[in-house]
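Engineer: The file below is run.cif, mmCIF, C-alpha atoms and all ligand atoms:
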data_coords
#
loop_
_atom_site.label_atom_id
_atom_site.label_comp_id
_atom_site.auth_asym_id
_atom_site.auth_seq_id
_atom_site.Cartn_x
_atom_site.Cartn_y
_atom_site.Cartn_z
CA MET A 730 -96.61 1.51 -176.93
CA LEU A 731 -96.26 -1.55 -174.68
CA LEU A 732 -99.13 -4.00 -175.23
CA PHE A 733 -100.02 -5.27 -171.75
CA THR A 734 -103.57 -6.52 -172.33
CA PRO A 735 -104.48 -10.09 -171.32
CA GLY A 736 -104.95 -11.06 -174.95
CA PRO A 737 -103.96 -10.30 -177.55
CA THR A 738 -100.34 -10.47 -176.41
CA PRO A 739 -97.23 -9.41 -178.40
CA VAL A 740 -95.96 -11.89 -180.99
CA PRO A 741 -92.20 -12.58 -180.66
CA GLU A 742 -90.05 -11.36 -183.56
CA ARG A 743 -88.92 -14.89 -184.49
CA VAL A 744 -92.51 -16.10 -184.72
CA ARG A 745 -93.46 -13.13 -186.91
CA GLN A 746 -90.53 -13.92 -189.17
CA ALA A 747 -91.59 -17.58 -189.45
CA MET A 748 -95.07 -16.47 -190.46
CA ALA A 749 -93.75 -14.01 -193.05
CA THR A 750 -92.71 -16.80 -195.45
CA PRO A 751 -94.70 -17.22 -198.70
CA THR A 752 -98.07 -18.98 -198.37
CA ILE A 753 -97.89 -22.68 -199.12
CA HIS A 754 -100.78 -24.86 -200.27
CA HIS A 755 -102.37 -26.84 -197.44
CA ARG A 756 -102.75 -30.12 -199.37
CA THR A 757 -99.06 -30.71 -200.01
CA PRO A 758 -96.39 -32.96 -198.48
CA GLU A 759 -94.56 -29.76 -197.41
CA PHE A 760 -97.46 -28.60 -195.28
CA THR A 761 -98.28 -32.09 -193.99
CA LYS A 762 -94.74 -32.29 -192.62
CA ILE A 763 -95.19 -28.97 -190.79
CA PHE A 764 -98.64 -29.98 -189.57
CA LYS A 765 -97.41 -33.29 -188.15
CA GLN A 766 -94.51 -31.61 -186.33
CA THR A 767 -96.89 -29.01 -184.90
CA ARG A 768 -99.31 -31.71 -183.79
CA GLU A 769 -96.52 -33.60 -181.97
CA LEU A 770 -95.52 -30.42 -180.14
CA LEU A 771 -99.15 -29.70 -179.26
CA LEU A 772 -99.61 -33.21 -177.85
CA GLU A 773 -96.53 -32.62 -175.71
CA LEU A 774 -97.90 -29.26 -174.52
CA PHE A 775 -101.26 -30.72 -173.46
CA GLY A 776 -99.91 -34.05 -172.16
CA MET A 777 -103.23 -35.67 -173.11
CA GLU A 778 -104.39 -38.57 -175.30
CA ASP A 779 -105.09 -36.48 -178.40
CA ALA A 780 -105.33 -32.90 -179.62
CA VAL A 781 -107.11 -30.99 -182.34
CA MET A 782 -106.56 -27.57 -183.95
CA LEU A 783 -109.44 -25.45 -185.23
CA ALA A 784 -109.38 -22.41 -187.51
CA SER A 785 -111.41 -20.20 -185.17
CA THR A 786 -110.99 -18.07 -182.08
CA GLY A 787 -111.19 -19.66 -178.64
CA THR A 788 -114.98 -19.39 -178.62
CA GLY A 789 -115.15 -21.85 -181.54
CA ALA A 790 -113.36 -24.44 -179.41
CA MET A 791 -115.76 -23.72 -176.54
CA GLU A 792 -118.67 -24.31 -178.94
CA ALA A 793 -117.08 -27.53 -180.28
CA CYS A 794 -116.76 -28.86 -176.73
CA VAL A 795 -120.40 -28.09 -175.95
CA THR A 796 -121.73 -29.65 -179.16
CA ASN A 797 -119.46 -32.72 -179.16
CA LEU A 798 -119.15 -33.44 -175.44
CA CYS A 799 -122.48 -32.57 -173.82
CA LYS A 800 -125.27 -34.96 -174.69
CA GLN A 801 -127.99 -33.82 -172.31
CA LYS A 802 -127.35 -31.51 -169.39
CA ALA A 803 -124.47 -29.12 -168.71
CA LEU A 804 -123.22 -27.88 -165.35
CA VAL A 805 -121.52 -24.51 -165.89
CA VAL A 806 -119.51 -22.32 -163.53
CA ASN A 807 -120.35 -18.70 -164.30
CA ALA A 808 -118.12 -16.16 -162.54
CA GLY A 809 -117.68 -13.80 -165.47
CA LYS A 810 -118.11 -13.17 -169.19
CA PHE A 811 -116.46 -16.42 -170.26
CA GLY A 812 -118.43 -18.65 -167.88
CA GLU A 813 -121.55 -16.88 -169.10
CA ARG A 814 -120.45 -17.66 -172.67
CA PHE A 815 -120.56 -21.42 -171.98
CA VAL A 816 -124.14 -20.95 -170.69
CA LYS A 817 -125.11 -19.03 -173.84
CA ILE A 818 -123.54 -21.59 -176.17
CA ALA A 819 -125.22 -24.52 -174.39
CA GLU A 820 -128.57 -22.74 -174.54
CA ALA A 821 -128.09 -21.85 -178.21
CA PHE A 822 -127.75 -25.58 -178.92
CA GLY A 823 -130.79 -26.49 -176.86
CA LYS A 824 -128.90 -28.15 -174.00
CA GLU A 825 -130.31 -28.04 -170.50
CA VAL A 826 -128.06 -25.93 -168.30
CA VAL A 827 -127.50 -25.81 -164.57
CA GLU A 828 -125.59 -22.67 -163.70
CA LEU A 829 -123.36 -22.11 -160.68
CA ARG A 830 -123.10 -18.35 -160.39
CA TYR A 831 -120.47 -16.51 -158.43
CA ASP A 832 -119.36 -12.92 -158.05
CA TRP A 833 -116.52 -12.20 -160.47
CA ASP A 834 -113.97 -12.21 -157.64
CA THR A 835 -115.05 -15.52 -156.11
CA PRO A 836 -113.70 -18.97 -157.04
CA ALA A 837 -116.12 -21.88 -157.53
CA SER A 838 -116.36 -24.34 -154.64
CA VAL A 839 -116.07 -28.12 -154.73
CA GLU A 840 -119.05 -28.39 -152.35
CA ASP A 841 -121.35 -26.41 -154.67
CA VAL A 842 -120.40 -28.67 -157.58
CA LYS A 843 -121.07 -31.82 -155.53
CA THR A 844 -124.47 -30.46 -154.42
CA ALA A 845 -125.46 -29.63 -158.01
CA LEU A 846 -124.48 -33.11 -159.20
CA GLN A 847 -126.59 -34.71 -156.46
CA ALA A 848 -129.58 -32.56 -157.37
CA HIS A 849 -129.18 -33.27 -161.12
CA PRO A 850 -127.98 -36.84 -161.69
CA ASP A 851 -128.54 -36.40 -165.44
CA ILE A 852 -125.71 -33.84 -165.78
CA ASP A 853 -123.20 -35.36 -168.22
CA ALA A 854 -120.73 -32.54 -168.75
CA PHE A 855 -119.10 -29.86 -166.59
CA PHE A 856 -117.73 -26.57 -167.96
CA VAL A 857 -115.41 -24.15 -166.22
CA GLN A 858 -112.66 -21.60 -166.88
CA ILE A 859 -109.29 -22.31 -165.31
CA CYS A 860 -108.67 -18.57 -165.24
CA GLU A 861 -111.84 -16.49 -165.65
CA SER A 862 -110.32 -13.54 -167.48
CA SER A 863 -113.14 -11.10 -166.61
CA GLY A 864 -111.75 -10.73 -163.09
CA GLY A 865 -108.36 -12.47 -163.34
CA LEU A 866 -109.75 -15.23 -161.12
CA ARG A 867 -108.27 -18.74 -160.69
CA HIS A 868 -110.89 -21.47 -160.14
CA PRO A 869 -109.74 -24.63 -158.26
CA VAL A 870 -110.35 -26.68 -161.40
CA GLU A 871 -108.08 -29.64 -160.61
CA GLU A 872 -109.73 -30.13 -157.21
CA ILE A 873 -113.25 -29.87 -158.66
CA ALA A 874 -112.38 -32.22 -161.54
CA SER A 875 -111.07 -34.83 -159.15
CA ALA A 876 -114.23 -34.59 -157.00
CA ILE A 877 -116.45 -34.96 -160.11
CA LYS A 878 -114.61 -38.06 -161.32
CA ALA A 879 -114.86 -39.60 -157.83
CA ILE A 880 -118.65 -39.17 -158.00
CA ASN A 881 -119.07 -40.29 -161.60
CA PRO A 882 -116.17 -40.84 -164.03
CA ASP A 883 -118.59 -40.63 -166.98
CA ILE A 884 -119.16 -36.91 -166.43
CA THR A 885 -117.03 -35.05 -168.96
CA VAL A 886 -114.87 -32.27 -167.52
CA VAL A 887 -114.26 -29.41 -169.95
CA ALA A 888 -111.76 -26.77 -168.86
CA ASP A 889 -111.33 -23.49 -170.73
CA GLY A 890 -107.60 -22.93 -170.34
CA ILE A 891 -107.33 -20.06 -172.81
CA THR A 892 -105.61 -17.92 -170.16
CA ALA A 893 -103.97 -20.86 -168.32
CA VAL A 894 -102.29 -23.14 -170.89
CA GLY A 895 -98.75 -21.80 -171.26
CA VAL A 896 -99.10 -19.81 -168.03
CA GLU A 897 -98.80 -22.41 -165.29
CA PRO A 898 -98.65 -26.21 -164.91
CA ILE A 899 -102.12 -27.78 -165.15
CA ASP A 900 -102.84 -31.24 -163.73
CA VAL A 901 -104.85 -32.86 -166.53
CA SER A 902 -105.44 -36.22 -164.80
CA ASN A 903 -109.17 -35.52 -164.39
CA ILE A 904 -109.68 -33.11 -167.30
CA ASP A 905 -111.25 -34.45 -170.52
CA ALA A 906 -111.04 -31.41 -172.75
CA LEU A 907 -108.57 -28.57 -172.28
CA ILE A 908 -109.21 -25.58 -174.51
CA THR A 909 -106.74 -22.92 -175.57
CA GLY A 910 -106.43 -20.18 -178.18
CA SER A 911 -103.63 -18.58 -180.13
CA GLN A 912 -103.70 -14.95 -178.98
CA LYS A 913 -103.15 -15.31 -175.24
CA ALA A 914 -100.28 -17.23 -173.59
CA LEU A 915 -99.23 -18.76 -176.91
CA MET A 916 -98.24 -15.33 -178.21
CA LEU A 917 -99.70 -15.73 -181.72
CA PRO A 918 -102.11 -13.57 -183.69
CA PRO A 919 -105.81 -14.44 -183.13
CA GLY A 920 -107.51 -17.12 -185.23
CA LEU A 921 -106.43 -20.57 -184.06
CA ALA A 922 -107.98 -22.64 -181.27
CA MET A 923 -106.72 -25.92 -179.83
CA ILE A 924 -108.26 -28.63 -177.66
CA GLY A 925 -106.45 -31.35 -175.70
CA LEU A 926 -108.59 -34.48 -175.33
CA SER A 927 -108.62 -37.45 -172.93
CA ALA A 928 -109.43 -41.07 -173.84
CA HIS A 929 -112.86 -40.60 -172.24
CA ALA A 930 -113.49 -37.54 -174.42
CA LEU A 931 -112.48 -39.43 -177.57
CA ARG A 932 -114.98 -42.20 -176.76
CA LYS A 933 -117.75 -39.70 -176.06
CA ILE A 934 -117.10 -37.77 -179.28
CA GLY A 935 -117.79 -40.96 -181.23
CA ASN A 936 -118.90 -39.87 -184.71
CA GLY A 937 -118.96 -36.26 -183.58
CA SER A 938 -121.69 -33.68 -183.88
CA GLY A 939 -122.35 -30.66 -186.08
CA PHE A 940 -120.48 -29.89 -189.29
CA TYR A 941 -117.58 -27.39 -189.23
CA PHE A 942 -116.88 -28.15 -185.57
CA ASN A 943 -117.42 -31.90 -185.85
CA LEU A 944 -114.45 -33.09 -183.80
CA ALA A 945 -114.59 -36.65 -185.16
CA SER A 946 -114.05 -35.52 -188.77
CA GLU A 947 -111.28 -33.12 -187.70
CA LEU A 948 -109.49 -35.72 -185.58
CA LYS A 949 -109.60 -38.28 -188.38
CA LYS A 950 -107.93 -35.85 -190.81
CA GLN A 951 -105.51 -34.38 -188.31
CA ARG A 952 -104.17 -37.79 -187.33
CA GLU A 953 -103.31 -38.17 -191.03
CA GLY A 954 -101.46 -34.86 -191.03
CA THR A 955 -104.08 -32.66 -192.67
CA THR A 956 -107.30 -30.82 -191.78
CA ALA A 957 -110.94 -31.35 -192.79
CA TYR A 958 -111.15 -27.83 -194.34
CA THR A 959 -108.45 -25.35 -195.38
CA ALA A 960 -105.85 -25.21 -192.63
CA ALA A 961 -104.89 -21.86 -191.09
CA THR A 962 -101.43 -22.52 -192.54
CA THR A 963 -99.76 -19.30 -191.39
CA LEU A 964 -100.94 -19.71 -187.80
CA VAL A 965 -99.93 -23.39 -187.77
CA ILE A 966 -96.43 -22.36 -188.87
CA GLY A 967 -96.42 -19.75 -186.08
CA LEU A 968 -97.61 -22.36 -183.58
CA ARG A 969 -94.78 -24.73 -184.55
CA GLU A 970 -92.28 -21.92 -183.99
CA ILE A 971 -93.60 -20.77 -180.61
CA LEU A 972 -94.00 -24.34 -179.31
CA THR A 973 -90.41 -25.08 -180.38
CA ILE A 974 -89.28 -22.07 -178.35
CA ILE A 975 -91.42 -22.98 -175.31
CA LEU A 976 -90.86 -26.74 -175.24
CA LYS A 977 -87.47 -27.33 -176.88
CA GLU A 978 -85.41 -24.23 -176.17
CA LEU A 979 -86.56 -22.19 -173.18
CA GLY A 980 -88.33 -25.10 -171.44
CA ARG A 981 -91.88 -24.82 -170.20
CA ASP A 982 -90.87 -24.81 -166.52
CA GLU A 983 -88.75 -21.75 -167.16
CA LEU A 984 -91.72 -20.04 -168.87
CA TYR A 985 -94.02 -20.90 -165.92
CA ASP A 986 -91.38 -19.73 -163.45
CA GLN A 987 -90.81 -16.40 -165.21
CA THR A 988 -94.58 -15.84 -165.44
CA ASP A 989 -95.03 -16.67 -161.76
CA ARG A 990 -92.26 -14.30 -160.68
CA ARG A 991 -93.62 -11.53 -162.88
CA ALA A 992 -97.16 -12.03 -161.54
CA SER A 993 -96.09 -12.14 -157.87
CA ALA A 994 -93.74 -9.18 -158.27
CA THR A 995 -96.49 -7.14 -159.95
CA ARG A 996 -99.11 -7.99 -157.32
CA LEU A 997 -96.77 -7.12 -154.42
CA ALA A 998 -95.51 -3.93 -156.10
CA LEU A 999 -99.05 -2.66 -156.68
CA GLU A 1000 -100.25 -3.61 -153.22
CA GLY A 1001 -97.15 -1.84 -151.93
CA ILE A 1002 -98.40 1.45 -153.39
CA GLY A 1003 -101.86 0.96 -151.92
CA LEU A 1004 -103.77 -0.66 -154.79
CA GLN A 1005 -106.23 -3.49 -154.30
CA ILE A 1006 -106.12 -6.84 -156.10
CA TYR A 1007 -109.66 -7.71 -157.26
CA PRO A 1008 -110.04 -11.52 -157.18
CA LYS A 1009 -109.96 -13.50 -153.94
CA LYS A 1010 -107.77 -16.05 -155.73
CA PRO A 1011 -105.68 -14.32 -158.43
CA ALA A 1012 -104.55 -16.25 -161.49
CA ASN A 1013 -101.01 -15.80 -162.77
CA ALA A 1014 -102.21 -14.85 -166.26
CA MET A 1015 -103.03 -11.28 -165.29
CA THR A 1016 -103.32 -8.88 -162.38
CA ALA A 1017 -106.74 -7.27 -161.99
CA ILE A 1018 -106.92 -4.12 -159.86
CA ILE A 1019 -110.20 -2.75 -158.56
CA ASP A 1020 -110.16 1.04 -158.34
CA ASP A 1021 -112.70 3.86 -158.70
CA GLN A 1022 -110.21 5.76 -160.87
CA ALA A 1023 -109.43 2.79 -163.13
CA GLU A 1024 -110.32 4.75 -166.28
CA GLU A 1025 -108.20 7.80 -165.35
CA ILE A 1026 -105.28 5.48 -164.57
CA ARG A 1027 -105.67 3.63 -167.88
CA LYS A 1028 -105.76 6.92 -169.82
CA LEU A 1029 -102.61 8.21 -168.13
CA LEU A 1030 -100.85 4.90 -168.71
CA LYS A 1031 -101.65 5.03 -172.40
CA ASN A 1032 -101.20 8.73 -173.15
CA ARG A 1033 -98.30 9.59 -170.87
CA TYR A 1034 -96.40 6.39 -170.21
CA GLY A 1035 -96.96 4.32 -173.35
CA VAL A 1036 -98.62 1.33 -171.69
CA ASN A 1037 -101.83 -0.29 -172.91
CA VAL A 1038 -103.68 -2.27 -170.21
CA ALA A 1039 -107.24 -3.65 -170.38
CA GLY A 1040 -110.26 -2.30 -168.52
CA GLY A 1041 -113.20 -4.09 -166.93
CA GLN A 1042 -116.40 -5.29 -168.58
CA GLU A 1043 -120.10 -4.91 -167.66
CA HIS A 1044 -120.57 -3.94 -164.00
CA LEU A 1045 -116.79 -3.58 -163.62
CA LYS A 1046 -116.49 -1.15 -166.54
CA GLY A 1047 -114.52 1.86 -165.28
CA LYS A 1048 -113.72 0.09 -162.00
CA LEU A 1049 -111.10 -2.47 -163.03
CA PHE A 1050 -107.86 -2.56 -164.94
CA ARG A 1051 -106.08 -5.73 -165.98
CA ILE A 1052 -102.36 -6.14 -166.65
CA ASN A 1053 -101.17 -9.08 -168.71
CA HIS A 1054 -98.49 -11.53 -167.54
CA MET A 1055 -98.90 -14.11 -170.31
CA GLY A 1056 -96.14 -14.86 -172.76
CA LEU A 1057 -92.47 -14.01 -172.88
CA ILE A 1058 -92.09 -10.55 -171.36
CA GLU A 1059 -88.85 -8.83 -170.48
CA PRO A 1060 -88.65 -7.90 -166.77
CA ASN A 1061 -87.64 -4.35 -167.68
CA GLU A 1062 -90.98 -3.91 -169.50
CA ALA A 1063 -92.98 -5.38 -166.60
CA ALA A 1064 -91.07 -3.19 -164.13
CA TRP A 1065 -91.85 -0.14 -166.27
CA VAL A 1066 -95.56 -0.97 -166.04
CA VAL A 1067 -95.69 -0.92 -162.22
CA ASN A 1068 -93.52 2.21 -162.23
CA ALA A 1069 -95.89 3.88 -164.70
CA ILE A 1070 -98.84 3.00 -162.48
CA GLU A 1071 -97.11 4.61 -159.49
CA LYS A 1072 -96.46 7.72 -161.63
CA ALA A 1073 -100.12 7.79 -162.69
CA LEU A 1074 -101.30 7.63 -159.06
CA ALA A 1075 -98.94 10.51 -158.27
CA ASP A 1076 -100.33 12.47 -161.25
CA LEU A 1077 -103.79 11.99 -159.76
CA GLY A 1078 -102.52 13.43 -156.48
CA ARG A 1079 -103.09 10.19 -154.59
CA ILE A 1080 -99.54 9.41 -153.53
CA GLU A 1081 -96.08 10.86 -153.66
CA TYR A 1082 -93.87 9.25 -156.29
CA THR A 1083 -90.87 7.49 -154.72
CA GLY A 1084 -90.09 4.65 -157.13
CA LYS A 1085 -91.35 2.15 -154.57
CA ALA A 1086 -93.30 -0.03 -157.03
CA ASN A 1087 -90.26 -0.49 -159.27
CA LYS A 1088 -88.10 -1.29 -156.24
CA ILE A 1089 -90.50 -3.94 -154.90
CA PHE A 1090 -90.90 -5.44 -158.38
CA ASN A 1091 -87.16 -5.86 -158.87
CA GLU A 1092 -86.57 -7.19 -155.36
CA ILE A 1093 -89.21 -9.87 -155.77
CA TYR A 1094 -88.53 -10.75 -159.42
CA PHE A 1095 -84.79 -11.18 -158.94
CA GLU A 1096 -85.03 -12.61 -155.42
CA ALA A 1097 -83.92 -16.20 -156.05
C1 LIG A 1101 -110.05 -14.84 -174.55
C2 LIG A 1101 -110.81 -15.90 -173.88
C3 LIG A 1101 -111.71 -16.73 -174.57
C4 LIG A 1101 -111.95 -16.75 -176.04
O1 LIG A 1101 -112.14 -15.61 -176.67
P1 LIG A 1101 -112.02 -15.47 -178.27
O2 LIG A 1101 -112.22 -14.02 -178.42
O3 LIG A 1101 -113.09 -16.29 -178.87
O4 LIG A 1101 -110.66 -15.97 -178.65
C5 LIG A 1101 -112.34 -17.73 -173.85
N1 LIG A 1101 -112.13 -17.90 -172.54
C6 LIG A 1101 -111.27 -17.13 -171.85
C7 LIG A 1101 -111.06 -17.42 -170.39
C8 LIG A 1101 -110.59 -16.10 -172.49
O5 LIG A 1101 -109.74 -15.35 -171.78
#
If you took the structure in this file and wrote it as structure tokens, what would it be?

Structural biologist:
Amino acid sequence: MLLFTPGPTPVPERVRQAMATPTIHHRTPEFTKIFKQTRELLLELFGMEDAVMLASTGTGAMEACVTNLCKQKALVVNAGKFGERFVKIAEAFGKEVVELRYDWDTPASVEDVKTALQAHPDIDAFFVQICESSGGLRHPVEEIASAIKAINPDITVVADGITAVGVEPIDVSNIDALITGSQKALMLPPGLAMIGLSAHALRKIGNGSGFYFNLASELKKQREGTTAYTAATTLVIGLREILTIILKELGRDELYDQTDRRASATRLALEGIGLQIYPKKPANAMTAIIDDQAEEIRKLLKNRYGVNVAGGQEHLKGKLFRINHMGLIEPNEAAWVVNAIEKALADLGRIEYTGKANKIFNEIYFEA
């Protein structure tokens, strides 16, 4: 079965091997050495002032950013489940929240953000997804972040890059906190979250807030090469391995380029057989297709063609299917996926199978 869900993604063999070594104690010089190397690689990946790792899923890092970086009022872009999650977290911690709601296929606009900031001068932190995974939507985060900083550089910009870091280049010049998680583009098992932090964010964190997710206590320990509580040693070892592959061997530009070609080739192949891309601005992390027969297609893909793709959530349940592009994926596997979708449409009597999707995919992917 090919795992083509936008998280979790398949873990490369070499990374699995690295994580299969015997457990080592976290308070030892051996682990400190590994931790420091991993931290250096992570700082290189983010290209920001500092970085922190947390033993939690991505949502833990979202929570840590709300509790440590929003002092009074949050402005949140909500165009899907993950935007909504920022709202819920902020409310759970008693923060005032101003919500900018959009349909799940619609990117946030710079103008709406400016208007909200004028109406609420006490907003001190902004939260947004780079890719909102509910609809595979890319928000214009860099543009919005730059507009926010031009209005007031003290407003903290928090970007959830869980399905963007490791997918495409991100301009972090106006981003204060960039969140990612292990099980998406970083190709690791679930359970580790990471945050890149700007100098502004470090000042605002100060002595931190909360207990387990107090970023000040974590940063202090992590700069010394250890963690405040037991480190997720196995996942840190896996992270060192995958970051070595991405940054030192393959090169991140090559990873972004392969992902971009795979995403474009998939979108064009599926449009070529009459399917409709859901978001108005698709992210490269995944392709989301809106279709009344989404469930039938998903079942055929899984039971007949050995491909596991994700469905839609809430009002898009049964109407959407999402194909992952994150990570290192062989083009023959990605080509099989679009071919299998064409076969499934033929099985449903909607089109005649000609191999067109596979042809378009290969022409686009191997174009250059
Ligand atoms: C997967 C994901 C998360 C975090 O989910 P966890 O299940 O907590 O790891 C957050 N934001 C986005 C955009 C995601 O895709």

Engineer: Please provide as a PyMOL selection string all residues within 12 Å of Glu983 in chain A, with the sequence filter that same-chain residues fewer than 3 positions apart are discarded (counting all atoms listed in the file).

Structural biologist: chain A and resi 895-898+974-980+986-990+1056-1057

Engineer: Nearest to Arg768 in chain A among A:Ala1017, A:Leu984, A:Ala780, A:Ile852, with distances taken over all atoms listed in the file: which residue is it?

Structural biologist: A:Ala780

Engineer: Enter the distance from CA of Arg1051 in chain A to CA of Val1038 in chain A, in Å, rounded to one decimal.

Structural biologist: 6.0 Å

Engineer: Please identify every polymer residue within 10 Å of ligand LIG 1101 (chain A), using only C-alpha atoms and all ligand atoms, and present the set as an MDAnalysis selection string.

Structural biologist: chainID A and resid 735:737 785:792 809:812 814:815 857:866 888:893 908:914 919:922 1014

Engineer: Skipping near chain neighbours, those fewer than 4 positions away, what residues fall within 10 Å of Phe760 in chain A using all atoms listed in the file, listed as a ChimeraX atom specification?

Structural biologist: /A:753-756,764-766,954-955,960,962,965-966

Engineer: Find the distance between CA of Ile873 in chain A and CA of Lys933 in chain A and write it in Å to one decimal.

Structural biologist: 20.5 Å

Engineer: Got a sec to check which residues sit within 8 Å of (-102.8, -4.0, -171.5), counting all atoms listed in the file, and write them as number ranges by chain?

Structural biologist: A: 731-735, 1036-1039, 1051-1053

Engineer: Take CA of Pro739 in chain A and CA of Trp1065 in chain A and report the distance between them in Å, one decimal.

Structural biologist: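 Between these atoms lies a distance of 16.2 Å.
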
Engineer: Name the residues in contact with Leu1077 in chain A at a cut-off of 12 Å, using all atoms listed in the file, excluding same-chain residues fewer than 2 positions from it; report them as a list in words.

Structural biologist: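 So the residues in contact are Gln1022, Ala1023, Glu1024, Glu1025, Ile1026, Arg1027, Lys1028, Leu1029, Leu1030, Ile1070, Glu1071, Lys1072, Ala1073, Leu1074, Ala1075, Arg1079, Ile1080, Glu1081 and Tyr1082 of chain A.
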
Engineer: Tell me which protein, DNA and RNA residues are within 9 Å of Tyr941 in chain A, counting all atoms listed in the file, leaving out same-chain ones fewer than 3 positions away, and put them as a count of residues only.

Structural biologist: 6

Engineer: Could you check the closest approach to Met916 in chain A for each of A:Gly967, A:Pro882, A:Pro751, A:Gly937 and tell me which residue wins, using all atoms listed in the file?

Structural biologist: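 Smallest distance to Met916 in chain A is found for A:Gly967.
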
Engineer: Nearest to Tyr1094 in chain A: which of A:Thr767, A:Ser875, A:Gln746, A:Ser993 is it, counting only C-alpha atoms?

Structural biologist: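 Going through A:Thr767, A:Ser875, A:Gln746, A:Ser993 one by one, the smallest distance to Tyr1094 in chain A is for A:Ser993.
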
Engineer: So, counting only C-alpha atoms, which residue among A:Glu1059, A:Asp900, A:Glu820, A:Asp779 is closest to Ala928 in chain A?

Structural biologist: A:Asp779

Engineer: Considering all atoms listed in the file, state which residue in the set A:Val886, A:Val781, A:Leu1045, A:Ile1019 is at the smallest distance from Val805 in chain A.

Structural biologist: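 Of all the options, A:Val886 lies closest to Val805 in chain A.
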
Engineer: From the list A:Ala876, A:Val806, A:Ile884, A:Ala1069, which residue is nearest Glu840 in chain A when using all atoms listed in the file?

Structural biologist: A:Ala876
